[in-house]
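Shown here: upload.txt, compact mmCIF, C-alpha atoms and all ligand atoms.
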```txt
# COMPACT_ATOMS: atom_id res chain seq x y z
CA MET A 5 14.42 12.87 4.69
CA SER A 6 10.72 12.59 3.86
CA TRP A 7 10.70 15.74 1.69
CA LEU A 8 13.49 14.25 -0.43
CA TRP A 9 11.79 10.85 -0.63
CA THR A 10 8.54 12.57 -1.65
CA LYS A 11 10.26 14.75 -4.23
CA PHE A 12 11.69 11.78 -6.09
CA TYR A 13 9.10 9.10 -5.23
CA ASP A 14 7.18 9.14 -8.53
CA LYS A 15 10.42 9.21 -10.52
CA ILE A 16 11.93 6.34 -8.50
CA MET A 17 8.81 4.24 -9.07
CA ARG A 18 8.33 5.06 -12.76
CA ASP A 19 10.12 1.99 -14.10
CA ALA A 20 8.17 -0.37 -11.82
CA GLU A 21 4.90 1.37 -12.71
CA GLN A 22 5.60 0.78 -16.38
CA LYS A 23 6.87 -2.77 -16.00
CA CYS A 24 4.19 -4.15 -13.67
CA LEU A 25 2.68 -1.92 -10.99
CA GLY A 26 0.47 0.10 -13.33
CA GLU A 27 -1.06 -3.09 -14.67
CA TRP A 28 -1.54 -4.54 -11.15
CA ARG A 29 -3.18 -1.36 -9.89
CA ALA A 30 -5.53 -1.23 -12.90
CA ALA A 31 -6.59 -4.86 -12.49
CA LEU A 32 -7.23 -4.62 -8.75
CA LEU A 33 -8.83 -1.18 -8.57
CA GLY A 34 -10.81 -1.14 -11.82
CA ASN A 35 -13.99 -2.63 -10.30
CA VAL A 36 -14.13 -1.08 -6.84
CA SER A 37 -17.20 0.90 -5.83
CA ASN A 38 -19.02 2.90 -3.13
CA VAL A 39 -16.95 3.94 -0.09
CA VAL A 40 -13.24 3.29 -0.64
CA LEU A 41 -10.57 3.92 1.99
CA GLU A 42 -6.93 3.97 0.91
CA ILE A 43 -4.21 3.97 3.55
CA GLY A 44 -0.75 5.50 3.02
CA CYS A 45 -1.77 6.85 -0.37
CA GLY A 46 1.52 8.77 -0.74
CA THR A 47 1.61 11.00 -3.80
CA GLY A 48 -1.73 9.61 -5.00
CA THR A 49 -0.60 7.18 -7.70
CA ASN A 50 -3.80 5.14 -7.34
CA LEU A 51 -6.02 8.14 -8.10
CA ASP A 52 -5.74 7.45 -11.81
CA TYR A 53 -7.16 3.95 -11.41
CA TYR A 54 -10.36 4.46 -9.41
CA PRO A 55 -13.50 4.12 -11.52
CA ASP A 56 -16.54 6.41 -11.39
CA SER A 57 -18.39 3.79 -9.32
CA VAL A 58 -16.41 5.04 -6.29
CA ASN A 59 -18.75 7.56 -4.70
CA GLN A 60 -16.59 8.41 -1.71
CA LEU A 61 -12.82 8.16 -1.65
CA ILE A 62 -11.09 8.57 1.72
CA LEU A 63 -7.31 8.87 1.62
CA VAL A 64 -5.14 8.48 4.71
CA GLU A 65 -1.66 10.00 4.58
CA PRO A 66 0.29 11.09 7.68
CA ASP A 67 3.30 12.62 5.91
CA LYS A 68 2.88 16.34 5.19
CA HIS A 69 5.17 16.31 2.14
CA MET A 70 3.30 13.40 0.60
CA ARG A 71 -0.01 15.13 1.38
CA ARG A 72 1.14 18.29 -0.39
CA LYS A 73 1.93 16.35 -3.58
CA LEU A 74 -1.33 14.45 -3.19
CA GLN A 75 -3.33 17.68 -2.96
CA GLU A 76 -1.77 18.85 -6.23
CA LYS A 77 -3.03 15.70 -7.94
CA ILE A 78 -6.47 15.98 -6.33
CA ALA A 79 -6.76 19.58 -7.51
CA VAL A 80 -6.92 18.40 -11.11
CA LYS A 81 -9.74 15.96 -10.30
CA PRO A 82 -12.43 18.34 -8.95
CA GLU A 83 -15.26 16.06 -10.12
CA ARG A 84 -14.47 13.37 -7.53
CA ALA A 85 -15.51 13.42 -3.84
CA ILE A 86 -12.23 12.94 -1.99
CA LYS A 87 -11.51 13.33 1.70
CA VAL A 88 -7.89 13.39 2.92
CA LEU A 89 -7.18 12.37 6.52
CA ASP A 90 -3.96 13.35 8.26
CA CYS A 91 -3.61 10.37 10.59
CA SER A 92 -1.83 7.07 10.98
CA ALA A 93 -3.48 3.98 9.52
CA ASP A 94 -3.50 2.37 12.96
CA SER A 95 -6.04 4.87 14.28
CA ILE A 96 -8.46 6.25 11.71
CA PRO A 97 -11.39 8.42 12.83
CA LEU A 98 -14.09 6.45 10.98
CA ALA A 99 -16.92 4.27 12.29
CA ASP A 100 -16.71 0.46 12.47
CA ALA A 101 -17.65 -1.33 9.23
CA SER A 102 -17.95 1.95 7.32
CA CYS A 103 -15.86 1.04 4.26
CA ASP A 104 -16.77 -1.13 1.27
CA VAL A 105 -13.20 -1.42 0.07
CA ILE A 106 -9.84 -0.80 1.76
CA VAL A 107 -6.71 -0.39 -0.34
CA SER A 108 -3.10 -0.74 0.77
CA THR A 109 -0.39 -0.55 -1.89
CA LEU A 110 3.24 -0.59 -0.74
CA VAL A 111 2.27 0.56 2.76
CA LEU A 112 2.42 -2.45 5.08
CA CYS A 113 6.20 -2.45 4.62
CA SER A 114 6.42 1.07 6.08
CA VAL A 115 3.93 1.31 8.93
CA PRO A 116 5.59 1.03 12.37
CA ASP A 117 3.05 -1.51 13.71
CA GLN A 118 1.70 -3.74 10.95
CA ALA A 119 -0.56 -5.81 13.24
CA LYS A 120 -2.20 -2.68 14.62
CA VAL A 121 -2.86 -1.31 11.13
CA LEU A 122 -4.35 -4.61 9.96
CA ALA A 123 -6.59 -4.72 13.05
CA GLU A 124 -7.81 -1.23 12.14
CA MET A 125 -8.50 -2.38 8.54
CA TYR A 126 -10.53 -5.27 9.97
CA ARG A 127 -12.53 -2.90 12.17
CA LEU A 128 -13.31 -0.49 9.34
CA LEU A 129 -14.23 -2.97 6.63
CA ARG A 130 -17.88 -3.90 6.37
CA PRO A 131 -18.58 -7.67 6.59
CA GLU A 132 -18.72 -8.29 2.81
CA GLY A 133 -16.06 -5.67 2.05
CA LYS A 134 -12.79 -6.24 0.22
CA PHE A 135 -9.27 -5.57 1.33
CA ILE A 136 -7.06 -4.98 -1.72
CA PHE A 137 -3.30 -5.13 -1.38
CA ILE A 138 -0.04 -4.91 -3.30
CA GLU A 139 2.89 -5.35 -0.93
CA HIS A 140 6.53 -6.39 -1.09
CA MET A 141 7.90 -8.68 1.58
CA ALA A 142 10.55 -11.12 2.82
CA ALA A 143 12.14 -13.36 0.19
CA ASN A 144 11.00 -16.53 1.96
CA THR A 145 11.64 -18.84 -1.00
CA ASN A 146 15.07 -17.41 -1.90
CA PRO A 147 17.59 -17.77 0.98
CA GLN A 148 20.29 -15.85 -0.89
CA ARG A 149 18.02 -12.87 -1.44
CA LEU A 150 16.76 -13.08 2.14
CA LYS A 151 20.38 -12.82 3.29
CA TRP A 152 20.84 -9.63 1.25
CA GLN A 153 17.57 -8.24 2.56
CA ARG A 154 18.84 -8.76 6.12
CA ARG A 155 22.20 -7.15 5.33
CA LEU A 156 20.84 -4.13 3.52
CA GLU A 157 17.68 -3.44 5.50
CA PRO A 158 19.15 -0.87 7.94
CA PHE A 159 20.51 1.24 5.07
CA TRP A 160 17.38 0.72 2.93
CA LYS A 161 15.10 1.79 5.79
CA ARG A 162 16.99 5.05 6.20
CA MET A 163 16.87 5.78 2.47
CA THR A 164 13.14 5.02 2.09
CA CYS A 165 11.60 6.57 5.20
CA GLY A 166 11.11 3.35 7.15
CA CYS A 167 10.39 0.74 4.49
CA CYS A 168 11.20 -2.76 5.85
CA LEU A 169 12.34 -5.49 3.50
CA MET A 170 11.66 -8.58 5.57
CA ARG A 171 8.07 -8.36 6.69
CA GLN A 172 5.92 -11.51 6.74
CA THR A 173 2.98 -9.61 5.30
CA GLU A 174 1.04 -12.56 3.92
CA GLU A 175 0.96 -14.24 7.34
CA ALA A 176 0.16 -10.94 9.05
CA ILE A 177 -2.93 -10.44 6.85
CA LEU A 178 -4.18 -13.91 7.79
CA LYS A 179 -3.37 -13.38 11.47
CA ALA A 180 -5.48 -10.22 11.45
CA GLY A 181 -8.53 -12.31 10.56
CA PHE A 182 -8.69 -12.04 6.78
CA VAL A 183 -8.84 -14.84 4.23
CA PHE A 184 -7.58 -14.54 0.69
CA GLU A 185 -10.07 -14.49 -2.13
CA ASP A 186 -7.18 -14.14 -4.52
CA ILE A 187 -3.43 -13.88 -3.98
CA THR A 188 -0.54 -13.84 -6.44
CA ARG A 189 3.06 -14.11 -5.32
CA GLN A 190 5.34 -12.55 -7.87
CA SER A 191 8.31 -10.37 -8.61
CA MET A 192 7.92 -6.61 -8.76
CA ARG A 193 9.96 -5.80 -11.83
CA GLY A 194 11.59 -2.38 -11.99
CA VAL A 195 12.72 -2.17 -8.35
CA PRO A 196 16.00 -3.40 -6.80
CA ALA A 197 16.10 -7.21 -6.42
CA ILE A 198 15.85 -7.03 -2.61
CA ALA A 199 12.42 -5.38 -2.84
CA ARG A 200 10.96 -7.55 -5.59
CA PRO A 201 9.25 -10.44 -3.75
CA SER A 202 5.64 -9.32 -3.61
CA ILE A 203 2.04 -10.30 -3.10
CA LYS A 204 -1.05 -8.79 -4.63
CA GLY A 205 -4.66 -9.70 -4.31
CA VAL A 206 -7.92 -9.41 -2.47
CA ALA A 207 -8.87 -10.55 1.02
CA PHE A 208 -12.10 -10.48 2.96
CA LYS A 209 -13.07 -10.91 6.60
CA ALA A 210 -12.70 -14.50 7.71
CA ALA A 211 -15.86 -14.32 9.81
CA LEU A 212 -17.75 -14.23 6.52
CA ALA A 213 -16.31 -17.57 5.42
CA SER A 214 -17.39 -19.53 8.52
C1 LIG A 301 6.10 3.50 -0.30
S1 LIG A 301 4.91 4.71 -0.02
C2 LIG A 301 3.50 4.05 -0.94
C3 LIG A 301 2.63 5.12 -1.55
C4 LIG A 301 1.45 4.62 -2.35
N1 LIG A 301 0.54 3.86 -1.54
C5 LIG A 301 1.85 3.84 -3.58
O1 LIG A 301 1.22 2.81 -3.87
O2 LIG A 301 2.74 4.28 -4.30
C6 LIG A 301 4.43 4.37 1.67
C7 LIG A 301 3.43 5.36 2.21
O3 LIG A 301 2.96 4.90 3.48
C8 LIG A 301 2.84 6.04 4.32
N2 LIG A 301 2.85 5.63 5.73
C9 LIG A 301 3.92 5.37 6.52
N3 LIG A 301 3.51 5.11 7.78
C10 LIG A 301 2.17 5.20 7.77
C11 LIG A 301 1.16 5.04 8.75
N4 LIG A 301 1.46 4.71 10.02
N5 LIG A 301 -0.13 5.23 8.40
C12 LIG A 301 -0.46 5.53 7.13
N6 LIG A 301 0.45 5.68 6.15
C13 LIG A 301 1.74 5.53 6.46
C14 LIG A 301 4.01 6.91 3.93
O4 LIG A 301 3.85 8.25 4.36
C15 LIG A 301 4.01 6.75 2.42
O5 LIG A 301 3.18 7.70 1.82
```

Would you kindly transcribe this structure into structure tokens?
Ligand SMILES: C[S@@+](CC[C@H](N)C(=O)[O-])C[C@H]1O[C@@H](n2cnc3c(N)ncnc32)[C@H](O)[C@@H]1O
Amino acid sequence: MSWLWTKFYDKIMRDAEQKCLGEWRAALLGNVSNVVLEIGCGTGTNLDYYPDSVNQLILVEPDKHMRRKLQEKIAVKPERAIKVLDCSADSIPLADASCDVIVSTLVLCSVPDQAKVLAEMYRLLRPEGKFIFIEHMAANTNPQRLKWQRRLEPFWKRMTCGCCLMRQTEEAILKAGFVFEDITRQSMRGVPAIARPSIKGVAFKAALAS
């Protein structure tokens, strides 16, 4: 299914990009710099938002169809130093504390082992580094919607290559040892109601706060 998902991914997301995601990406990514690692970069939607202050961009994407589309987008940006890694975000061949910024947008819903991926983010981020996220999650404050998420999740997962609707992503980020510098809980307009409850923001390593 992943070739089909990849083929239509940008089209499926267009409405959400126009209604909110484009603005969220621009606000969160506009000031990043130095070494930036993005996990599950998909078709490369974030490429348009990275500023020139990024001197090394490392993109992790395990799906070959997504990577093919990504490479097409990279080909029209020859001026930027970009490295693409074909690996899972839970095991990335980079040294400890080697990244200034780590970016995850709409990925923690899809990875098979969220805790393992977040532990890897913690390992790779340098002590003062920033973890930037935009993720959809369980509708904790809306029992009716949560009920529909539970009902529809098996079908949704099959249609979207493994995307889970009911993840407790905010708690998982904290459990992995991060603290939030900034978090906004809001609705992702332009996607079906069951996938709208979302968080976006910036976290850093809790060890820094103590
Ligand atoms: C919904 S897409 C999000 C794409 C992009 N980040 C965006 O903001 O539009 C989820 C992406 O996560 C990737 N993914 C799934 N499992 C992964 C894993 N274990 N490690 C890294 N990426 C993964 C998928 O291949 C897909 O490209």

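If all atoms listed in the file are the atoms counted, then among A:Met5, A:Val80, A:Ala93, A:Leu129 the closest residue to Val40 of chain A is A:Leu129.
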
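Straight-line separation from atom CA of Leu110 of chain A to atom CA of Asn38 of chain A: 22.7 Å.
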
Residue with smallest distance to ligand LIG 301 (chain A) - pool A:Ile62, A:Val105, A:Cys165, A:Ala85, counting only C-alpha atoms and all ligand atoms
A:Cys165

Quick one: which chain A residues come within 9 Å of ligand LIG 301 (chain A), and what is the nearest atom pair for each with the distance in Å to one decimal, counting all atoms listed in the file, rows ordered by chain and ascending number, as a Markdown table?
```
| residue | atom | partner | partner_atom | distance |
| --- | --- | --- | --- | --- |
| A:Ser6 | CA | A:LIG301 | O4 | 8.1 |
| A:Thr10 | CA | A:LIG301 | O5 | 8.0 |
| A:Tyr13 | CA | A:LIG301 | S1 | 8.0 |
| A:Asp14 | CA | A:LIG301 | O2 | 7.8 |
| A:Met17 | CA | A:LIG301 | O2 | 7.7 |
| A:Leu25 | CA | A:LIG301 | O1 | 8.7 |
| A:Arg29 | CA | A:LIG301 | O1 | 8.5 |
| A:Glu42 | CA | A:LIG301 | N1 | 7.9 |
| A:Ile43 | CA | A:LIG301 | C12 | 5.4 |
| A:Gly44 | CA | A:LIG301 | N6 | 3.4 |
| A:Cys45 | CA | A:LIG301 | N1 | 4.0 |
| A:Gly46 | CA | A:LIG301 | O5 | 3.2 |
| A:Thr47 | CA | A:LIG301 | C3 | 6.4 |
| A:Gly48 | CA | A:LIG301 | C4 | 6.5 |
| A:Thr49 | CA | A:LIG301 | O2 | 5.6 |
| A:Asn50 | CA | A:LIG301 | O1 | 6.5 |
| A:Val64 | CA | A:LIG301 | C12 | 6.0 |
| A:Glu65 | CA | A:LIG301 | N6 | 5.1 |
| A:Pro66 | CA | A:LIG301 | N6 | 5.6 |
| A:Asp67 | CA | A:LIG301 | O4 | 4.7 |
| A:Lys68 | CA | A:LIG301 | O4 | 8.2 |
| A:His69 | CA | A:LIG301 | O4 | 8.5 |
| A:Met70 | CA | A:LIG301 | O5 | 5.8 |
| A:Arg71 | CA | A:LIG301 | O5 | 8.1 |
| A:Asp90 | CA | A:LIG301 | C12 | 8.6 |
| A:Cys91 | CA | A:LIG301 | N5 | 6.6 |
| A:Ser92 | CA | A:LIG301 | N5 | 3.6 |
| A:Ala93 | CA | A:LIG301 | N5 | 3.7 |
| A:Asp94 | CA | A:LIG301 | N4 | 6.2 |
| A:Ser95 | CA | A:LIG301 | N5 | 8.3 |
| A:Val107 | CA | A:LIG301 | N1 | 8.5 |
| A:Ser108 | CA | A:LIG301 | N1 | 6.3 |
| A:Thr109 | CA | A:LIG301 | O1 | 4.2 |
| A:Leu110 | CA | A:LIG301 | C2 | 4.7 |
| A:Val111 | CA | A:LIG301 | O3 | 4.5 |
| A:Leu112 | CA | A:LIG301 | O3 | 7.5 |
| A:Cys113 | CA | A:LIG301 | C6 | 7.6 |
| A:Ser114 | CA | A:LIG301 | C9 | 5.0 |
| A:Val115 | CA | A:LIG301 | N3 | 4.0 |
| A:Pro116 | CA | A:LIG301 | N4 | 6.0 |
| A:Asp117 | CA | A:LIG301 | N4 | 7.4 |
| A:Gln118 | CA | A:LIG301 | N4 | 8.5 |
| A:Val121 | CA | A:LIG301 | N4 | 7.5 |
| A:Ile138 | CA | A:LIG301 | O1 | 7.8 |
| A:Glu139 | CA | A:LIG301 | O1 | 8.8 |
| A:Thr164 | CA | A:LIG301 | C1 | 7.6 |
| A:Cys165 | CA | A:LIG301 | C14 | 7.7 |
| A:Gly166 | CA | A:LIG301 | C9 | 7.5 |
| A:Cys167 | CA | A:LIG301 | C1 | 7.0 |
```

From A:Leu128, A:Cys103, A:Leu61, A:Ala143, residue lying nearest Arg200 of chain A [all atoms listed in the file]:
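Under the stated criterion, the closest residue is A:Ala143.
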
Go through segment 43-154 of chain A and flag each residue having an atom no more than 8 Å from segment 178-193 of chain A; for those, report the closest pair of atoms plus their distance in Å to one decimal, using all atoms listed in the file, ordered by chain and rising number, as JSON lines.
```
{"residue": "A:Ala119", "atom": "CA", "partner": "A:Ala180", "partner_atom": "CA", "distance": 6.8}
{"residue": "A:Leu122", "atom": "CA", "partner": "A:Ala180", "partner_atom": "CA", "distance": 5.9}
{"residue": "A:Ala123", "atom": "CA", "partner": "A:Ala180", "partner_atom": "CA", "distance": 5.8}
{"residue": "A:Tyr126", "atom": "CA", "partner": "A:Ala180", "partner_atom": "CA", "distance": 7.2}
{"residue": "A:His140", "atom": "CA", "partner": "A:Met192", "partner_atom": "CA", "distance": 7.8}
```

To one decimal place, how far is atom CA of Gln60 of chain A from atom CA of Trp28 of chain A in Å?
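The value is 22.0 Å.
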
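One finds atom CA of Lys120 of chain A at 18.0 Å from atom CA of Ser102 of chain A.
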
Residues within 10 Å of Trp152 of chain A, all atoms listed in the file, excluding chain neighbours under 3 positions, as a list of chain:residue names
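My list of contacting residues is A:Ala143, A:Pro147, A:Gln148, A:Arg149, A:Arg155, A:Leu156, A:Glu157, A:Leu169, A:Ala197, A:Ile198.
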
Find, counting only C-alpha atoms, the residue in A:Pro82, A:Gly194, A:Pro55, A:Pro201 that gets nearest to Leu33 of chain A.
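Answer, going by the shortest atom-to-atom distance: A:Pro55.
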
Would you please work out which residue, of A:Ile106, A:Ala79, A:Ala199, A:Ala142, is nearest to Ala20 of chain A when using all atoms listed in the file?
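Closest residue, counting all atoms listed in the file: A:Ala199.
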
Kindly indicate which residue among A:Asn144, A:Gln153, A:Trp9, A:Pro196 lies nearest to Lys73 of chain A, using only C-alpha atoms for the distances.
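Using only C-alpha atoms, the shortest distance to Lys73 of chain A belongs to A:Trp9.
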
Set up a box along x, y and z of the file covering all listed atoms of segment 138-149 of chain A, add 4 Å on every one of the six sides, and write the centre and edge lengths in Å to one decimal, as lines of an AutoDock Vina configuration file.
```
center_x = 10.1
center_y = -11.9
center_z = -0.2
size_x = 28.3
size_y = 21.9
size_z = 14.1
```
